[in-house]
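Structure file work_34.tsv (TSV, N, CA and C atoms) is printed below.
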```tsv
chain	number	residue	atom	x	y	z
A	1	MET	N	-175.19	-118.66	18.91
A	1	MET	CA	-174.64	-119.81	19.58
A	1	MET	C	-175.69	-120.36	20.55
A	2	LEU	N	-175.83	-121.67	20.55
A	2	LEU	CA	-176.78	-122.32	21.46
A	2	LEU	C	-176.35	-122.11	22.91
A	3	LEU	N	-177.33	-122.09	23.80
A	3	LEU	CA	-177.05	-121.98	25.22
A	3	LEU	C	-176.08	-123.08	25.66
A	4	GLY	N	-176.34	-124.30	25.22
A	4	GLY	CA	-175.47	-125.42	25.58
A	4	GLY	C	-174.04	-125.24	25.10
A	5	GLU	N	-173.88	-124.66	23.92
A	5	GLU	CA	-172.53	-124.40	23.40
A	5	GLU	C	-171.81	-123.37	24.28
A	6	LYS	N	-172.57	-122.37	24.76
A	6	LYS	CA	-171.98	-121.37	25.65
A	6	LYS	C	-171.53	-122.02	26.96
A	7	ILE	N	-172.35	-122.90	27.48
A	7	ILE	CA	-172.01	-123.61	28.72
A	7	ILE	C	-170.75	-124.43	28.51
A	8	LYS	N	-170.70	-125.18	27.41
A	8	LYS	CA	-169.53	-126.01	27.10
A	8	LYS	C	-168.27	-125.15	26.98
A	9	ALA	N	-168.39	-124.03	26.27
A	9	ALA	CA	-167.25	-123.13	26.08
A	9	ALA	C	-166.80	-122.52	27.41
A	10	ALA	N	-167.75	-122.18	28.27
A	10	ALA	CA	-167.42	-121.59	29.57
A	10	ALA	C	-166.68	-122.61	30.45
A	11	ILE	N	-167.12	-123.85	30.39
A	11	ILE	CA	-166.45	-124.90	31.16
A	11	ILE	C	-165.00	-125.05	30.67
A	12	LYS	N	-164.82	-125.03	29.37
A	12	LYS	CA	-163.48	-125.16	28.80
A	12	LYS	C	-162.63	-123.94	29.16
A	13	THR	N	-163.21	-122.74	29.04
A	13	THR	CA	-162.48	-121.51	29.33
A	13	THR	C	-162.01	-121.46	30.77
A	14	ARG	N	-162.86	-121.91	31.68
A	14	ARG	CA	-162.51	-121.89	33.10
A	14	ARG	C	-161.61	-123.07	33.49
A	15	GLY	N	-161.41	-124.00	32.56
A	15	GLY	CA	-160.60	-125.17	32.86
A	15	GLY	C	-161.26	-126.07	33.88
A	16	ALA	N	-162.57	-126.04	33.91
A	16	ALA	CA	-163.34	-126.82	34.88
A	16	ALA	C	-163.53	-128.25	34.39
A	17	ASP	N	-163.82	-129.11	35.31
A	17	ASP	CA	-164.10	-130.50	35.01
A	17	ASP	C	-165.61	-130.66	34.84
A	18	ALA	N	-166.05	-131.21	33.73
A	18	ALA	CA	-167.48	-131.35	33.45
A	18	ALA	C	-168.18	-132.15	34.55
A	19	ALA	N	-167.52	-133.15	35.09
A	19	ALA	CA	-168.12	-133.96	36.14
A	19	ALA	C	-168.37	-133.12	37.40
A	20	GLU	N	-167.42	-132.25	37.74
A	20	GLU	CA	-167.59	-131.39	38.91
A	20	GLU	C	-168.71	-130.38	38.69
A	21	VAL	N	-168.78	-129.81	37.49
A	21	VAL	CA	-169.84	-128.85	37.17
A	21	VAL	C	-171.20	-129.53	37.26
A	22	ALA	N	-171.31	-130.71	36.67
A	22	ALA	CA	-172.57	-131.46	36.71
A	22	ALA	C	-172.96	-131.78	38.14
A	23	ASP	N	-172.01	-132.25	38.92
A	23	ASP	CA	-172.28	-132.59	40.31
A	23	ASP	C	-172.75	-131.37	41.10
A	24	TYR	N	-172.09	-130.25	40.92
A	24	TYR	CA	-172.47	-129.01	41.61
A	24	TYR	C	-173.88	-128.57	41.22
A	25	ALA	N	-174.22	-128.78	39.94
A	25	ALA	CA	-175.55	-128.39	39.44
A	25	ALA	C	-176.63	-129.39	39.84
A	26	GLY	N	-176.21	-130.56	40.30
A	26	GLY	CA	-177.18	-131.57	40.70
A	26	GLY	C	-177.72	-132.40	39.55
A	27	ILE	N	-176.90	-132.53	38.51
A	27	ILE	CA	-177.30	-133.33	37.36
A	27	ILE	C	-176.19	-134.33	37.04
A	28	SER	N	-176.51	-135.29	36.20
A	28	SER	CA	-175.49	-136.26	35.78
A	28	SER	C	-174.63	-135.65	34.68
A	29	VAL	N	-173.47	-136.24	34.47
A	29	VAL	CA	-172.61	-135.78	33.38
A	29	VAL	C	-173.32	-135.98	32.04
A	30	ALA	N	-174.04	-137.07	31.92
A	30	ALA	CA	-174.78	-137.33	30.68
A	30	ALA	C	-175.81	-136.23	30.43
A	31	SER	N	-176.47	-135.77	31.49
A	31	SER	CA	-177.44	-134.68	31.34
A	31	SER	C	-176.74	-133.40	30.91
A	32	LEU	N	-175.57	-133.13	31.49
A	32	LEU	CA	-174.81	-131.95	31.09
A	32	LEU	C	-174.43	-132.03	29.63
A	33	TYR	N	-173.99	-133.20	29.17
A	33	TYR	CA	-173.64	-133.37	27.76
A	33	TYR	C	-174.86	-133.19	26.86
A	34	ARG	N	-176.02	-133.61	27.32
A	34	ARG	CA	-177.25	-133.39	26.53
A	34	ARG	C	-177.57	-131.89	26.44
A	35	ILE	N	-177.30	-131.16	27.51
A	35	ILE	CA	-177.54	-129.71	27.50
A	35	ILE	C	-176.66	-129.03	26.45
A	36	TYR	N	-175.44	-129.54	26.25
A	36	TYR	CA	-174.53	-128.96	25.26
A	36	TYR	C	-175.18	-128.81	23.89
A	37	ASN	N	-176.11	-129.68	23.54
A	37	ASN	CA	-176.74	-129.66	22.21
A	37	ASN	C	-178.09	-128.98	22.19
A	38	LYS	N	-178.43	-128.29	23.27
A	38	LYS	CA	-179.74	-127.64	23.36
A	38	LYS	C	-179.60	-126.13	23.46
A	39	ASN	N	-180.73	-125.47	23.26
A	39	ASN	CA	-180.78	-124.03	23.44
A	39	ASN	C	-181.61	-123.68	24.67
A	40	SER	N	-181.75	-124.64	25.57
A	40	SER	CA	-182.50	-124.38	26.80
A	40	SER	C	-181.93	-125.23	27.93
A	41	CYS	N	-182.23	-124.78	29.12
A	41	CYS	CA	-181.77	-125.46	30.32
A	41	CYS	C	-182.63	-124.93	31.46
A	42	GLU	N	-183.01	-125.79	32.38
A	42	GLU	CA	-183.80	-125.32	33.51
A	42	GLU	C	-183.01	-124.26	34.26
A	43	VAL	N	-183.70	-123.20	34.69
A	43	VAL	CA	-183.04	-122.08	35.36
A	43	VAL	C	-182.28	-122.54	36.60
A	44	LYS	N	-182.84	-123.48	37.35
A	44	LYS	CA	-182.15	-123.92	38.57
A	44	LYS	C	-180.79	-124.55	38.24
A	45	TYR	N	-180.69	-125.26	37.11
A	45	TYR	CA	-179.42	-125.86	36.73
A	45	TYR	C	-178.47	-124.81	36.14
A	46	LEU	N	-179.02	-123.92	35.31
A	46	LEU	CA	-178.20	-122.87	34.72
A	46	LEU	C	-177.63	-121.97	35.81
A	47	THR	N	-178.42	-121.70	36.82
A	47	THR	CA	-177.97	-120.87	37.94
A	47	THR	C	-176.78	-121.52	38.65
A	48	LYS	N	-176.89	-122.80	38.92
A	48	LYS	CA	-175.81	-123.51	39.60
A	48	LYS	C	-174.55	-123.61	38.72
A	49	ILE	N	-174.75	-123.84	37.43
A	49	ILE	CA	-173.61	-123.91	36.50
A	49	ILE	C	-172.89	-122.57	36.46
A	50	ALA	N	-173.66	-121.49	36.32
A	50	ALA	CA	-173.07	-120.14	36.28
A	50	ALA	C	-172.35	-119.84	37.59
A	51	GLU	N	-172.96	-120.20	38.70
A	51	GLU	CA	-172.35	-119.97	40.01
A	51	GLU	C	-171.02	-120.72	40.14
A	52	HIS	N	-171.02	-121.97	39.75
A	52	HIS	CA	-169.80	-122.78	39.86
A	52	HIS	C	-168.68	-122.24	38.96
A	53	LEU	N	-169.05	-121.79	37.78
A	53	LEU	CA	-168.05	-121.28	36.83
A	53	LEU	C	-167.71	-119.81	37.07
A	54	ARG	N	-168.44	-119.18	37.99
A	54	ARG	CA	-168.26	-117.77	38.33
A	54	ARG	C	-168.47	-116.84	37.13
A	55	TYR	N	-169.57	-117.10	36.44
A	55	TYR	CA	-170.04	-116.25	35.36
A	55	TYR	C	-171.40	-115.69	35.75
A	56	PRO	N	-171.72	-114.47	35.31
A	56	PRO	CA	-173.09	-113.99	35.54
A	56	PRO	C	-174.04	-114.83	34.69
A	57	ILE	N	-175.20	-115.11	35.21
A	57	ILE	CA	-176.16	-115.93	34.46
A	57	ILE	C	-176.47	-115.31	33.10
A	58	MET	N	-176.45	-113.98	33.04
A	58	MET	CA	-176.75	-113.30	31.77
A	58	MET	C	-175.70	-113.60	30.71
A	59	TYR	N	-174.52	-114.00	31.11
A	59	TYR	CA	-173.48	-114.38	30.15
A	59	TYR	C	-174.01	-115.45	29.20
A	60	PHE	N	-174.79	-116.36	29.74
A	60	PHE	CA	-175.30	-117.48	28.94
A	60	PHE	C	-176.55	-117.10	28.15
A	61	LEU	N	-177.20	-116.01	28.52
A	61	LEU	CA	-178.46	-115.65	27.90
A	61	LEU	C	-178.34	-114.54	26.86
A	62	GLU	N	-177.28	-113.77	26.91
A	62	GLU	CA	-177.07	-112.67	25.97
A	62	GLU	C	-176.49	-113.18	24.64
A	63	ASP	N	-176.74	-112.42	23.57
A	63	ASP	CA	-176.21	-112.79	22.27
A	63	ASP	C	-174.70	-112.59	22.18
A	64	GLU	N	-174.18	-111.56	22.86
A	64	GLU	CA	-172.75	-111.28	22.82
A	64	GLU	C	-172.19	-111.33	24.25
A	65	PRO	N	-172.08	-112.53	24.82
A	65	PRO	CA	-171.69	-112.65	26.22
A	65	PRO	C	-170.26	-112.26	26.54
A	66	GLU	N	-169.38	-112.25	25.54
A	66	GLU	CA	-167.98	-111.96	25.82
A	66	GLU	C	-167.79	-110.55	26.38
A	67	ASN	N	-168.76	-109.66	26.17
A	67	ASN	CA	-168.65	-108.31	26.68
A	67	ASN	C	-169.13	-108.18	28.13
A	68	MET	N	-169.57	-109.27	28.73
A	68	MET	CA	-170.22	-109.20	30.03
A	68	MET	C	-169.37	-109.61	31.21
A	69	VAL	N	-168.29	-110.29	31.01
A	69	VAL	CA	-167.56	-110.86	32.13
A	69	VAL	C	-166.38	-109.98	32.50
A	70	ASN	N	-166.34	-109.59	33.76
A	70	ASN	CA	-165.18	-108.90	34.28
A	70	ASN	C	-165.03	-109.23	35.75
A	71	GLU	N	-163.90	-108.93	36.30
A	71	GLU	CA	-163.62	-109.32	37.68
A	71	GLU	C	-164.55	-108.63	38.67
A	72	ASP	N	-165.02	-107.41	38.36
A	72	ASP	CA	-165.89	-106.69	39.28
A	72	ASP	C	-167.21	-107.39	39.50
A	73	GLN	N	-167.68	-108.18	38.54
A	73	GLN	CA	-168.97	-108.83	38.66
A	73	GLN	C	-168.92	-110.06	39.56
A	74	GLU	N	-167.77	-110.68	39.71
A	74	GLU	CA	-167.73	-111.97	40.39
A	74	GLU	C	-168.34	-111.98	41.78
A	75	PRO	N	-168.18	-110.94	42.62
A	75	PRO	CA	-168.81	-111.03	43.94
A	75	PRO	C	-170.33	-111.11	43.88
A	76	TYR	N	-170.93	-110.72	42.76
A	76	TYR	CA	-172.37	-110.69	42.67
A	76	TYR	C	-172.95	-111.92	41.97
A	77	LEU	N	-172.12	-112.90	41.66
A	77	LEU	CA	-172.59	-114.07	40.93
A	77	LEU	C	-173.27	-115.09	41.83
A	78	LEU	N	-172.94	-115.13	43.08
A	78	LEU	CA	-173.48	-116.15	43.96
A	78	LEU	C	-174.98	-115.93	44.15
A	79	THR	N	-175.73	-117.00	44.00
A	79	THR	CA	-177.18	-116.88	44.09
A	79	THR	C	-177.74	-117.69	45.23
A	80	SER	N	-176.91	-118.40	45.94
A	80	SER	CA	-177.37	-119.23	47.03
A	80	SER	C	-177.52	-118.39	48.29
A	81	LYS	N	-178.65	-118.53	48.98
A	81	LYS	CA	-178.85	-117.77	50.21
A	81	LYS	C	-177.79	-118.11	51.25
A	82	LYS	N	-177.31	-119.34	51.28
A	82	LYS	CA	-176.30	-119.69	52.26
A	82	LYS	C	-174.99	-118.98	51.98
A	83	GLU	N	-174.79	-118.52	50.76
A	83	GLU	CA	-173.58	-117.77	50.42
A	83	GLU	C	-173.71	-116.30	50.78
A	84	GLY	N	-174.91	-115.87	51.18
A	84	GLY	CA	-175.09	-114.51	51.65
A	84	GLY	C	-175.57	-113.52	50.61
A	85	SER	N	-175.89	-113.95	49.41
A	85	SER	CA	-176.32	-112.99	48.40
A	85	SER	C	-177.77	-112.57	48.60
A	86	GLY	N	-178.59	-113.45	49.16
A	86	GLY	CA	-179.98	-113.11	49.41
A	86	GLY	C	-180.87	-113.18	48.18
A	87	LEU	N	-180.34	-113.50	47.02
A	87	LEU	CA	-181.16	-113.59	45.82
A	87	LEU	C	-181.92	-114.91	45.80
A	88	GLY	N	-183.23	-114.81	45.72
A	88	GLY	CA	-184.03	-116.01	45.55
A	88	GLY	C	-184.33	-116.20	44.07
A	89	MET	N	-185.00	-117.29	43.74
A	89	MET	CA	-185.28	-117.57	42.33
A	89	MET	C	-186.15	-116.47	41.71
A	90	GLY	N	-187.11	-115.94	42.46
A	90	GLY	CA	-187.97	-114.87	41.94
A	90	GLY	C	-187.18	-113.64	41.58
A	91	GLU	N	-186.29	-113.23	42.48
A	91	GLU	CA	-185.46	-112.05	42.20
A	91	GLU	C	-184.52	-112.31	41.03
A	92	LEU	N	-184.00	-113.52	40.94
A	92	LEU	CA	-183.11	-113.87	39.85
A	92	LEU	C	-183.85	-113.77	38.52
A	93	MET	N	-185.07	-114.29	38.48
A	93	MET	CA	-185.85	-114.23	37.24
A	93	MET	C	-186.12	-112.79	36.85
A	94	GLU	N	-186.39	-111.92	37.83
A	94	GLU	CA	-186.59	-110.51	37.52
A	94	GLU	C	-185.30	-109.89	37.00
A	95	LEU	N	-184.17	-110.27	37.57
A	95	LEU	CA	-182.88	-109.76	37.13
A	95	LEU	C	-182.62	-110.16	35.68
A	96	VAL	N	-183.02	-111.36	35.31
A	96	VAL	CA	-182.82	-111.85	33.95
A	96	VAL	C	-183.59	-110.99	32.95
A	97	LYS	N	-184.71	-110.41	33.36
A	97	LYS	CA	-185.57	-109.67	32.44
A	97	LYS	C	-185.13	-108.22	32.21
A	98	VAL	N	-184.15	-107.72	32.94
A	98	VAL	CA	-183.76	-106.33	32.79
A	98	VAL	C	-182.82	-106.16	31.60
A	99	SER	N	-182.79	-104.93	31.08
A	99	SER	CA	-181.91	-104.64	29.95
A	99	SER	C	-180.47	-104.55	30.43
A	100	ALA	N	-179.55	-104.53	29.49
A	100	ALA	CA	-178.13	-104.44	29.83
A	100	ALA	C	-177.85	-103.14	30.57
A	101	GLU	N	-178.49	-102.05	30.17
A	101	GLU	CA	-178.30	-100.76	30.83
A	101	GLU	C	-178.80	-100.80	32.27
A	102	GLU	N	-179.98	-101.39	32.47
A	102	GLU	CA	-180.53	-101.52	33.82
A	102	GLU	C	-179.65	-102.43	34.68
A	103	ARG	N	-179.18	-103.52	34.08
A	103	ARG	CA	-178.34	-104.46	34.80
A	103	ARG	C	-177.07	-103.77	35.31
A	104	LYS	N	-176.45	-102.94	34.45
A	104	LYS	CA	-175.25	-102.20	34.85
A	104	LYS	C	-175.58	-101.26	36.00
A	105	MET	N	-176.72	-100.58	35.92
A	105	MET	CA	-177.13	-99.67	36.98
A	105	MET	C	-177.28	-100.43	38.30
A	106	TYR	N	-177.96	-101.59	38.26
A	106	TYR	CA	-178.16	-102.38	39.46
A	106	TYR	C	-176.84	-102.89	40.03
A	107	LEU	N	-175.95	-103.34	39.16
A	107	LEU	CA	-174.66	-103.82	39.63
A	107	LEU	C	-173.85	-102.70	40.28
A	108	ASP	N	-173.94	-101.48	39.71
A	108	ASP	CA	-173.26	-100.34	40.30
A	108	ASP	C	-173.82	-100.02	41.69
A	109	ILE	N	-175.13	-100.10	41.83
A	109	ILE	CA	-175.76	-99.85	43.12
A	109	ILE	C	-175.32	-100.90	44.13
A	110	ILE	N	-175.33	-102.17	43.72
A	110	ILE	CA	-174.93	-103.26	44.60
A	110	ILE	C	-173.47	-103.10	45.01
A	111	LYS	N	-172.61	-102.75	44.06
A	111	LYS	CA	-171.19	-102.56	44.36
A	111	LYS	C	-171.01	-101.43	45.37
A	112	ASP	N	-171.74	-100.35	45.18
A	112	ASP	CA	-171.66	-99.21	46.08
A	112	ASP	C	-172.13	-99.60	47.49
A	113	LEU	N	-173.25	-100.27	47.56
A	113	LEU	CA	-173.77	-100.71	48.86
A	113	LEU	C	-172.83	-101.70	49.53
A	114	SER	N	-172.28	-102.60	48.74
A	114	SER	CA	-171.36	-103.59	49.28
A	114	SER	C	-170.13	-102.92	49.88
A	115	SER	N	-169.60	-101.93	49.21
A	115	SER	CA	-168.41	-101.24	49.74
A	115	SER	C	-168.75	-100.47	51.01
A	116	LYS	N	-169.96	-99.93	51.10
A	116	LYS	CA	-170.38	-99.21	52.31
A	116	LYS	C	-170.55	-100.17	53.48
A	117	ILE	N	-171.06	-101.36	53.22
A	117	ILE	CA	-171.25	-102.35	54.26
A	117	ILE	C	-169.90	-102.80	54.82
A	118	LYS	N	-168.91	-102.96	53.94
A	118	LYS	CA	-167.59	-103.42	54.35
A	118	LYS	C	-166.85	-102.37	55.18
A	119	GLU	N	-167.23	-101.10	55.04
A	119	GLU	CA	-166.52	-100.02	55.76
A	119	GLU	C	-166.81	-100.01	57.21
```
Show how you would write the structure in this file as structure tokens.
Amino acid sequence: MLLGEKIKAAIKTRGADAAEVADYAGISVASLYRIYNKNSCEVKYLTKIAEHLRYPIMYFLEDEPENMVNEDQEPYLLTSKKEGSGLGMGELMELVKVSAEERKMYLDIIKDLSSKIKE
């Protein structure tokens, strides 16, 4: 499935408005519709789209994304420093390069640290 098709399906699944998603990502609706037919998207836009839809960015990059989304991941989806995640674009790109096994390990570590901070 093309990246754009995954984005379109995610928007539909979340019941989101394409205009709101485009606005949040900083692109026009026409640009979002053009992405629907492509297998690529600038990382800065994909990051914002994933953030708005509350999907992990890897959902859009993996071949079998339906196995990746669960409620436990949602607190770790935010990538904006103002939201408190602390992930910059460099760290995000490194995160994209890890295997599914490594990603699970990192998410478990983050979840553990997050629960300790809240205590």
Exercise. Atom N of Ser31 of chain A to atom N of Ala18 of chain A: how many Å, to one decimal?
Worked result: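 Separation of atom N of Ser31 of chain A and atom N of Ala18 of chain A: 11.6 Å.
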Exercise. Quick one, how far is atom CA of Lys6 of chain A from atom CA of Ala25 of chain A?
Worked result: 15.9 Å
For this session: Please measure the separation of atom CA of Ala19 of chain A and atom CA of Asp63 of chain A, giving the value in Å to one decimal.
Result: 26.6 Å
